[in-house]
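Chemist: Here it is, the structure in full.
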Amino acid sequence: MQSNITVVVGAQWGDEGKGKWIDSIAATAAVVARFQGGNNAGHTIYHAGQKFVLHHLPGGIFSSTTVIALLQGMVINPAVLVREFDQVRAYTDVDPKRLWVSSCAHLITPYHIFRDQQSEEHAMNPIGTTKRGIGPAYADRALRSGLTVGQYIHKPSYDAWIAEQRANDPAFAAFYAAETNQWIAFASQAATIAPFVCPAEARVRKAVKDGVHLMLEGAQGVLLDRDHGTYPYVTSSSTITAGAFASLGLDPRLLTRVIGIAKAYLTRVGGGPMPTELKDSVGEQIARLGQEFGATTGRPRRCGWYDAVAMRYAAEIAGIDALYLNKLDILNDLAVLKIAIAYDHPQLGRLTDFPKDAHILKDCVPVYETVPGWQGDLPKHGTVDALPAALRHYLDRIAYHSGVPIVKVGLGPGPDDYCDLA
Ligand code: IMP
């Protein structure tokens, strides 16, 4: 069967600036599907001169001819989703014909948010989660005690689910009794969401059989993958390409291409090892110029040099074919730039493969290749020849050490501020 399926993933620890590219990639897709995560994500998209920070809705939302699917691998906060519908309504069609919400996706309930906050506040080693209830919602899904969208919008099923939780879990019962208003507000969104609920996976698979271009949009980044990321400092879903196919229930052999989006440096939010982290004035400069604050939580992001060891691993676990590299302009005026090409570990010696085990990674010291920086502002677009020679050299070294071709580079925040390399 001839297929045309593009997977777009963040190739680092999230916040790679996927929003900058997603809409243009989505422009050629008939269907765009989000396959994991929830409102821990925050995509910034500029449309009609306005800035939108969307947490559930993927790229393509502003093109009324594009079908948007929220697949079962997601966890959904209904109040946030309804707010997003309201945010975009004046600019695009919010219509069940083109907005499909999987009846098998799970809900993030008030109790999940409470548990996430409690465990972060009382943990000896907090993960640094977004406190949006993501981990507990996925945990309940794995325990088979979670609430699906299908149950949520069907009042008798919802009431039965609440009754069962109250009977089986005294902590739930106590929270339910104490926070009645939260539960009333939670249940009140069901009527708004109900018209959009459908067997989204089957519909998307049918569209694939019909030969349309499907884009599967990842949230967070592949180094935060529940299985292949730096556990336990990960999110609770499968962020890699294989996760997209598991969420959709599609033959992975139908995959056409994987685009990885990365920054020309590295950031991380929350806890967990990050060998190239810069705790000096260079790190502060990158954070300031790059406005490195979380789109969802506003937390400052940790900044560091580009890590080609991590990128080689990311490309391997997600099958990345092409890299879109963002925010080159943030590195203007640095005397030198560093690229991590290996790690030294006190017991294990020189490592060229990324050790995903957090307890090994935390002791890794990067081995850097240092290259000259470039001075002055960059052109906002144009051809690669117009870019400073030092920048082109930096890109060459990144591509060489990462083992992935760089196809586009971001030269500024606007959607047109980029240049094609291939
Ligand atoms: P959770 O997904 O809220 O459970 O958080 C788990 C880890 O993933 C924490 O380190 C978060 O900072 C990180 N994380 C979750 N969502 C994002 C995101 O969209 N961008 C960057 N990091 C994220």
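Chain labels follow the order of the structure tokens: the first chain is A, the next B, and so on; residue numbering restarts at 1 in every chain, and ligands are counted from 1 in their shown order.
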To check your reading of the model: which residues sit at most 9 Å from ligand 1 when counting only C-alpha atoms and all ligand atoms? Write the answer as a PDB file with N, CA, C and O atoms, in the first residue's frame.
Modeler:
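Printed below is result14.pdb as written:
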```pdb
ATOM      1  N   TRP A  13      15.093  17.359  24.877  1.00  0.00           N
ATOM      2  CA  TRP A  13      14.274  17.168  26.082  1.00  0.00           C
ATOM      3  C   TRP A  13      13.018  18.056  26.042  1.00  0.00           C
ATOM      4  O   TRP A  13      12.609  18.599  27.064  1.00  0.00           O
ATOM      5  N   GLY A  14      12.425  18.220  24.884  1.00  0.00           N
ATOM      6  CA  GLY A  14      11.234  19.057  24.763  1.00  0.00           C
ATOM      7  C   GLY A  14      11.593  20.511  24.528  1.00  0.00           C
ATOM      8  O   GLY A  14      12.777  20.898  24.578  1.00  0.00           O
ATOM      9  N   ASP A  15      10.570  21.304  24.219  1.00  0.00           N
ATOM     10  CA  ASP A  15      10.732  22.750  24.013  1.00  0.00           C
ATOM     11  C   ASP A  15      11.687  23.083  22.878  1.00  0.00           C
ATOM     12  O   ASP A  15      12.390  24.093  22.924  1.00  0.00           O
ATOM     13  N   GLU A  16      11.702  22.276  21.852  1.00  0.00           N
ATOM     14  CA  GLU A  16      12.624  22.510  20.731  1.00  0.00           C
ATOM     15  C   GLU A  16      12.119  23.586  19.784  1.00  0.00           C
ATOM     16  O   GLU A  16      12.817  23.953  18.826  1.00  0.00           O
ATOM     17  N   GLY A  37       0.785  12.437  25.368  1.00  0.00           N
ATOM     18  CA  GLY A  37       0.894  13.609  26.222  1.00  0.00           C
ATOM     19  C   GLY A  37      -0.450  14.297  26.400  1.00  0.00           C
ATOM     20  O   GLY A  37      -1.493  13.842  25.904  1.00  0.00           O
ATOM     21  N   GLY A  38      -0.398  15.390  27.133  1.00  0.00           N
ATOM     22  CA  GLY A  38      -1.620  16.146  27.394  1.00  0.00           C
ATOM     23  C   GLY A  38      -1.278  17.608  27.475  1.00  0.00           C
ATOM     24  O   GLY A  38      -0.474  18.093  26.661  1.00  0.00           O
ATOM     25  N   ASN A  39      -1.812  18.280  28.497  1.00  0.00           N
ATOM     26  CA  ASN A  39      -1.527  19.708  28.578  1.00  0.00           C
ATOM     27  C   ASN A  39      -0.254  19.995  29.387  1.00  0.00           C
ATOM     28  O   ASN A  39      -0.075  21.093  29.888  1.00  0.00           O
ATOM     29  N   ASN A  40       0.627  18.992  29.461  1.00  0.00           N
ATOM     30  CA  ASN A  40       2.012  19.284  29.859  1.00  0.00           C
ATOM     31  C   ASN A  40       2.730  19.968  28.697  1.00  0.00           C
ATOM     32  O   ASN A  40       3.721  20.651  28.882  1.00  0.00           O
ATOM     33  N   ALA A  41       2.229  19.775  27.471  1.00  0.00           N
ATOM     34  CA  ALA A  41       2.830  20.396  26.293  1.00  0.00           C
ATOM     35  C   ALA A  41       2.333  21.825  26.141  1.00  0.00           C
ATOM     36  O   ALA A  41       1.246  22.161  26.598  1.00  0.00           O
ATOM     37  N   GLY A  42       3.126  22.634  25.500  1.00  0.00           N
ATOM     38  CA  GLY A  42       2.699  23.998  25.177  1.00  0.00           C
ATOM     39  C   GLY A  42       3.307  24.394  23.852  1.00  0.00           C
ATOM     40  O   GLY A  42       4.497  24.662  23.774  1.00  0.00           O
ATOM     41  N   HIS A  43       2.500  24.368  22.793  1.00  0.00           N
ATOM     42  CA  HIS A  43       3.011  24.752  21.468  1.00  0.00           C
ATOM     43  C   HIS A  43       2.662  26.206  21.206  1.00  0.00           C
ATOM     44  O   HIS A  43       1.504  26.589  21.293  1.00  0.00           O
ATOM     45  N   HIS A  55      -2.214  23.602  24.048  1.00  0.00           N
ATOM     46  CA  HIS A  55      -1.718  22.511  24.896  1.00  0.00           C
ATOM     47  C   HIS A  55      -2.159  21.127  24.422  1.00  0.00           C
ATOM     48  O   HIS A  55      -1.490  20.137  24.698  1.00  0.00           O
ATOM     49  N   ASP A 116      -0.390  14.472  41.483  1.00  0.00           N
ATOM     50  CA  ASP A 116       0.870  14.924  40.875  1.00  0.00           C
ATOM     51  C   ASP A 116       1.500  16.012  41.755  1.00  0.00           C
ATOM     52  O   ASP A 116       2.706  15.985  42.056  1.00  0.00           O
ATOM     53  N   ILE A 127      10.686  14.871  40.337  1.00  0.00           N
ATOM     54  CA  ILE A 127      10.978  14.766  38.898  1.00  0.00           C
ATOM     55  C   ILE A 127      11.004  16.163  38.283  1.00  0.00           C
ATOM     56  O   ILE A 127      11.674  16.405  37.283  1.00  0.00           O
ATOM     57  N   GLY A 128      10.273  17.087  38.928  1.00  0.00           N
ATOM     58  CA  GLY A 128      10.112  18.404  38.303  1.00  0.00           C
ATOM     59  C   GLY A 128       9.042  18.348  37.236  1.00  0.00           C
ATOM     60  O   GLY A 128       9.203  18.903  36.156  1.00  0.00           O
ATOM     61  N   THR A 129       7.934  17.658  37.531  1.00  0.00           N
ATOM     62  CA  THR A 129       6.863  17.533  36.536  1.00  0.00           C
ATOM     63  C   THR A 129       6.168  18.888  36.347  1.00  0.00           C
ATOM     64  O   THR A 129       6.398  19.833  37.108  1.00  0.00           O
ATOM     65  N   THR A 130       5.282  18.924  35.359  1.00  0.00           N
ATOM     66  CA  THR A 130       4.504  20.149  35.120  1.00  0.00           C
ATOM     67  C   THR A 130       3.342  20.269  36.109  1.00  0.00           C
ATOM     68  O   THR A 130       2.610  21.255  36.076  1.00  0.00           O
ATOM     69  N   LYS A 131       3.168  19.258  36.953  1.00  0.00           N
ATOM     70  CA  LYS A 131       2.075  19.212  37.947  1.00  0.00           C
ATOM     71  C   LYS A 131       0.697  19.318  37.285  1.00  0.00           C
ATOM     72  O   LYS A 131      -0.229  19.903  37.846  1.00  0.00           O
ATOM     73  N   ARG A 132       0.586  18.793  36.098  1.00  0.00           N
ATOM     74  CA  ARG A 132      -0.689  18.850  35.379  1.00  0.00           C
ATOM     75  C   ARG A 132      -1.453  17.514  35.491  1.00  0.00           C
ATOM     76  O   ARG A 132      -2.450  17.313  34.809  1.00  0.00           O
ATOM     77  N   GLY A 133      -0.940  16.593  36.298  1.00  0.00           N
ATOM     78  CA  GLY A 133      -1.657  15.323  36.512  1.00  0.00           C
ATOM     79  C   GLY A 133      -1.323  14.242  35.497  1.00  0.00           C
ATOM     80  O   GLY A 133      -1.997  13.199  35.430  1.00  0.00           O
ATOM     81  N   ILE A 134      -0.285  14.483  34.706  1.00  0.00           N
ATOM     82  CA  ILE A 134       0.024  13.581  33.590  1.00  0.00           C
ATOM     83  C   ILE A 134       0.392  12.172  34.096  1.00  0.00           C
ATOM     84  O   ILE A 134      -0.196  11.175  33.661  1.00  0.00           O
ATOM     85  N   GLY A 135       1.374  12.100  34.999  1.00  0.00           N
ATOM     86  CA  GLY A 135       1.850  10.791  35.478  1.00  0.00           C
ATOM     87  C   GLY A 135       0.732   9.977  36.116  1.00  0.00           C
ATOM     88  O   GLY A 135       0.495   8.816  35.745  1.00  0.00           O
ATOM     89  N   PRO A 136      -0.030  10.548  37.085  1.00  0.00           N
ATOM     90  CA  PRO A 136      -1.119   9.779  37.693  1.00  0.00           C
ATOM     91  C   PRO A 136      -2.186   9.344  36.679  1.00  0.00           C
ATOM     92  O   PRO A 136      -2.744   8.247  36.793  1.00  0.00           O
ATOM     93  N   ALA A 219       4.649  15.431  21.131  1.00  0.00           N
ATOM     94  CA  ALA A 219       4.841  16.501  22.117  1.00  0.00           C
ATOM     95  C   ALA A 219       6.034  16.104  22.990  1.00  0.00           C
ATOM     96  O   ALA A 219       6.531  14.983  22.903  1.00  0.00           O
ATOM     97  N   GLN A 220       6.487  17.029  23.826  1.00  0.00           N
ATOM     98  CA  GLN A 220       7.720  16.840  24.615  1.00  0.00           C
ATOM     99  C   GLN A 220       8.873  16.473  23.661  1.00  0.00           C
ATOM    100  O   GLN A 220       8.890  16.942  22.536  1.00  0.00           O
ATOM    101  N   GLY A 221       9.790  15.625  24.093  1.00  0.00           N
ATOM    102  CA  GLY A 221      10.916  15.276  23.228  1.00  0.00           C
ATOM    103  C   GLY A 221      11.280  13.827  23.428  1.00  0.00           C
ATOM    104  O   GLY A 221      10.872  13.207  24.434  1.00  0.00           O
ATOM    105  N   LEU A 224      12.639  12.437  26.639  1.00  0.00           N
ATOM    106  CA  LEU A 224      11.703  12.332  27.768  1.00  0.00           C
ATOM    107  C   LEU A 224      10.805  11.109  27.624  1.00  0.00           C
ATOM    108  O   LEU A 224       9.844  10.937  28.372  1.00  0.00           O
ATOM    109  N   ASP A 225      11.087  10.255  26.636  1.00  0.00           N
ATOM    110  CA  ASP A 225      10.266   9.063  26.426  1.00  0.00           C
ATOM    111  C   ASP A 225      10.236   8.188  27.690  1.00  0.00           C
ATOM    112  O   ASP A 225      11.287   7.966  28.321  1.00  0.00           O
ATOM    113  N   PRO A 232      14.233   8.018  35.917  1.00  0.00           N
ATOM    114  CA  PRO A 232      12.816   8.390  36.052  1.00  0.00           C
ATOM    115  C   PRO A 232      12.510   9.831  35.623  1.00  0.00           C
ATOM    116  O   PRO A 232      11.374  10.267  35.790  1.00  0.00           O
ATOM    117  N   TYR A 233      13.517  10.533  35.123  1.00  0.00           N
ATOM    118  CA  TYR A 233      13.297  11.943  34.751  1.00  0.00           C
ATOM    119  C   TYR A 233      12.740  12.011  33.330  1.00  0.00           C
ATOM    120  O   TYR A 233      13.414  12.463  32.406  1.00  0.00           O
ATOM    121  N   VAL A 234      11.552  11.504  33.178  1.00  0.00           N
ATOM    122  CA  VAL A 234      10.903  11.384  31.873  1.00  0.00           C
ATOM    123  C   VAL A 234       9.438  11.778  32.036  1.00  0.00           C
ATOM    124  O   VAL A 234       8.959  11.958  33.157  1.00  0.00           O
ATOM    125  N   THR A 235       8.736  11.869  30.932  1.00  0.00           N
ATOM    126  CA  THR A 235       7.292  11.999  31.020  1.00  0.00           C
ATOM    127  C   THR A 235       6.705  10.585  30.994  1.00  0.00           C
ATOM    128  O   THR A 235       7.453   9.596  30.880  1.00  0.00           O
ATOM    129  N   SER A 236       5.390  10.466  31.095  1.00  0.00           N
ATOM    130  CA  SER A 236       4.820   9.124  31.310  1.00  0.00           C
ATOM    131  C   SER A 236       4.267   8.506  30.034  1.00  0.00           C
ATOM    132  O   SER A 236       3.561   7.506  30.102  1.00  0.00           O
ATOM    133  N   SER A 237       4.577   9.097  28.884  1.00  0.00           N
ATOM    134  CA  SER A 237       4.050   8.549  27.625  1.00  0.00           C
ATOM    135  C   SER A 237       5.192   8.172  26.699  1.00  0.00           C
ATOM    136  O   SER A 237       6.362   8.449  26.984  1.00  0.00           O
ATOM    137  N   THR A 267      18.207  22.575  25.915  1.00  0.00           N
ATOM    138  CA  THR A 267      17.554  23.005  27.155  1.00  0.00           C
ATOM    139  C   THR A 267      16.862  21.816  27.800  1.00  0.00           C
ATOM    140  O   THR A 267      16.568  20.810  27.142  1.00  0.00           O
ATOM    141  N   ARG A 268      16.609  21.965  29.062  1.00  0.00           N
ATOM    142  CA  ARG A 268      15.871  20.948  29.809  1.00  0.00           C
ATOM    143  C   ARG A 268      15.093  21.655  30.921  1.00  0.00           C
ATOM    144  O   ARG A 268      15.644  22.574  31.549  1.00  0.00           O
ATOM    145  N   VAL A 269      13.873  21.215  31.176  1.00  0.00           N
ATOM    146  CA  VAL A 269      13.084  21.749  32.306  1.00  0.00           C
ATOM    147  C   VAL A 269      12.886  20.628  33.301  1.00  0.00           C
ATOM    148  O   VAL A 269      12.673  19.482  32.902  1.00  0.00           O
ATOM    149  N   GLY A 270      12.914  20.973  34.586  1.00  0.00           N
ATOM    150  CA  GLY A 270      12.718  19.944  35.598  1.00  0.00           C
ATOM    151  C   GLY A 270      14.045  19.270  35.934  1.00  0.00           C
ATOM    152  O   GLY A 270      15.119  19.732  35.525  1.00  0.00           O
ATOM    153  N   GLY A 271      13.933  18.164  36.675  1.00  0.00           N
ATOM    154  CA  GLY A 271      15.143  17.498  37.160  1.00  0.00           C
ATOM    155  C   GLY A 271      15.743  16.561  36.129  1.00  0.00           C
ATOM    156  O   GLY A 271      15.253  16.446  35.005  1.00  0.00           O
ATOM    157  N   GLY A 272      16.841  15.905  36.546  1.00  0.00           N
ATOM    158  CA  GLY A 272      17.473  14.917  35.674  1.00  0.00           C
ATOM    159  C   GLY A 272      18.792  15.411  35.118  1.00  0.00           C
ATOM    160  O   GLY A 272      19.019  16.610  34.993  1.00  0.00           O
ATOM    161  N   GLY A 294       9.349  28.033  30.327  1.00  0.00           N
ATOM    162  CA  GLY A 294       8.366  27.059  29.849  1.00  0.00           C
ATOM    163  C   GLY A 294       7.072  27.710  29.359  1.00  0.00           C
ATOM    164  O   GLY A 294       6.543  28.599  30.022  1.00  0.00           O
ATOM    165  N   ALA A 295       6.556  27.246  28.200  1.00  0.00           N
ATOM    166  CA  ALA A 295       5.297  27.781  27.658  1.00  0.00           C
ATOM    167  C   ALA A 295       4.112  27.354  28.522  1.00  0.00           C
ATOM    168  O   ALA A 295       3.082  28.018  28.537  1.00  0.00           O
ATOM    169  N   THR A 296       4.254  26.245  29.252  1.00  0.00           N
ATOM    170  CA  THR A 296       3.145  25.743  30.061  1.00  0.00           C
ATOM    171  C   THR A 296       3.234  26.227  31.497  1.00  0.00           C
ATOM    172  O   THR A 296       2.257  26.668  32.084  1.00  0.00           O
ATOM    173  N   THR A 297       4.433  26.151  32.084  1.00  0.00           N
ATOM    174  CA  THR A 297       4.548  26.446  33.513  1.00  0.00           C
ATOM    175  C   THR A 297       5.294  27.742  33.795  1.00  0.00           C
ATOM    176  O   THR A 297       5.304  28.196  34.936  1.00  0.00           O
ATOM    177  N   ARG A 299       8.366  28.025  33.977  1.00  0.00           N
ATOM    178  CA  ARG A 299       9.606  27.727  34.709  1.00  0.00           C
ATOM    179  C   ARG A 299      10.824  28.043  33.843  1.00  0.00           C
ATOM    180  O   ARG A 299      10.800  27.815  32.635  1.00  0.00           O
ATOM    181  N   ARG A 301      14.176  27.399  31.928  1.00  0.00           N
ATOM    182  CA  ARG A 301      14.783  26.168  31.397  1.00  0.00           C
ATOM    183  C   ARG A 301      16.282  26.195  31.632  1.00  0.00           C
ATOM    184  O   ARG A 301      16.907  27.257  31.551  1.00  0.00           O
TER     185      ARG A 301
END
```
Chemist: Extract the full set of strand (DSSP E) residues from segment 227-282 of chain A according to DSSP on the backbone, and format it as a PyMOL selection string.
Modeler: chain A and resi 257-263+266-268
Chemist: Using only C-alpha atoms, pick whichever of A:Ala386, A:Leu323, A:Pro366, A:Leu328 has the shortest atom-to-atom distance to Lys18 of chain A.
Modeler: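 Among the listed residues, A:Leu323 lies closest to Lys18 of chain A.
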Chemist: Apply DSSP to the backbone of this structure and, from segment 133-260 of chain A, keep only the residues in helix (DSSP H, G or I); write these as JSON, numbers by chain.
Modeler: {"A": [134, 135, 136, 137, 138, 139, 140, 141, 142, 143, 149, 150, 151, 152, 155, 156, 157, 158, 159, 160, 161, 162, 163, 164, 165, 166, 167, 168, 170, 171, 172, 173, 174, 175, 176, 177, 178, 180, 181, 182, 183, 184, 185, 186, 187, 188, 190, 191, 192, 193, 194, 195, 196, 200, 201, 202, 203, 204, 205, 206, 207, 208, 209, 222, 223, 224, 241, 242, 243, 244, 245, 246, 247, 248, 252, 253, 254]}
Chemist: When you count only C-alpha atoms, which of these residues is closest to Ser188 of chain A: A:His213, A:Lys155, A:Arg392, A:Arg205?
Modeler: A:Lys155
Chemist: Would you pick out the contacts of Ile25 of chain A at 10 Å or less, using only C-alpha atoms, so that residues sharing its chain but fewer than 2 positions from it are not included, and give the list as a PyMOL selection string?
Modeler: chain A and resi 6+8+20-23+27-29+32+59-60+215+259
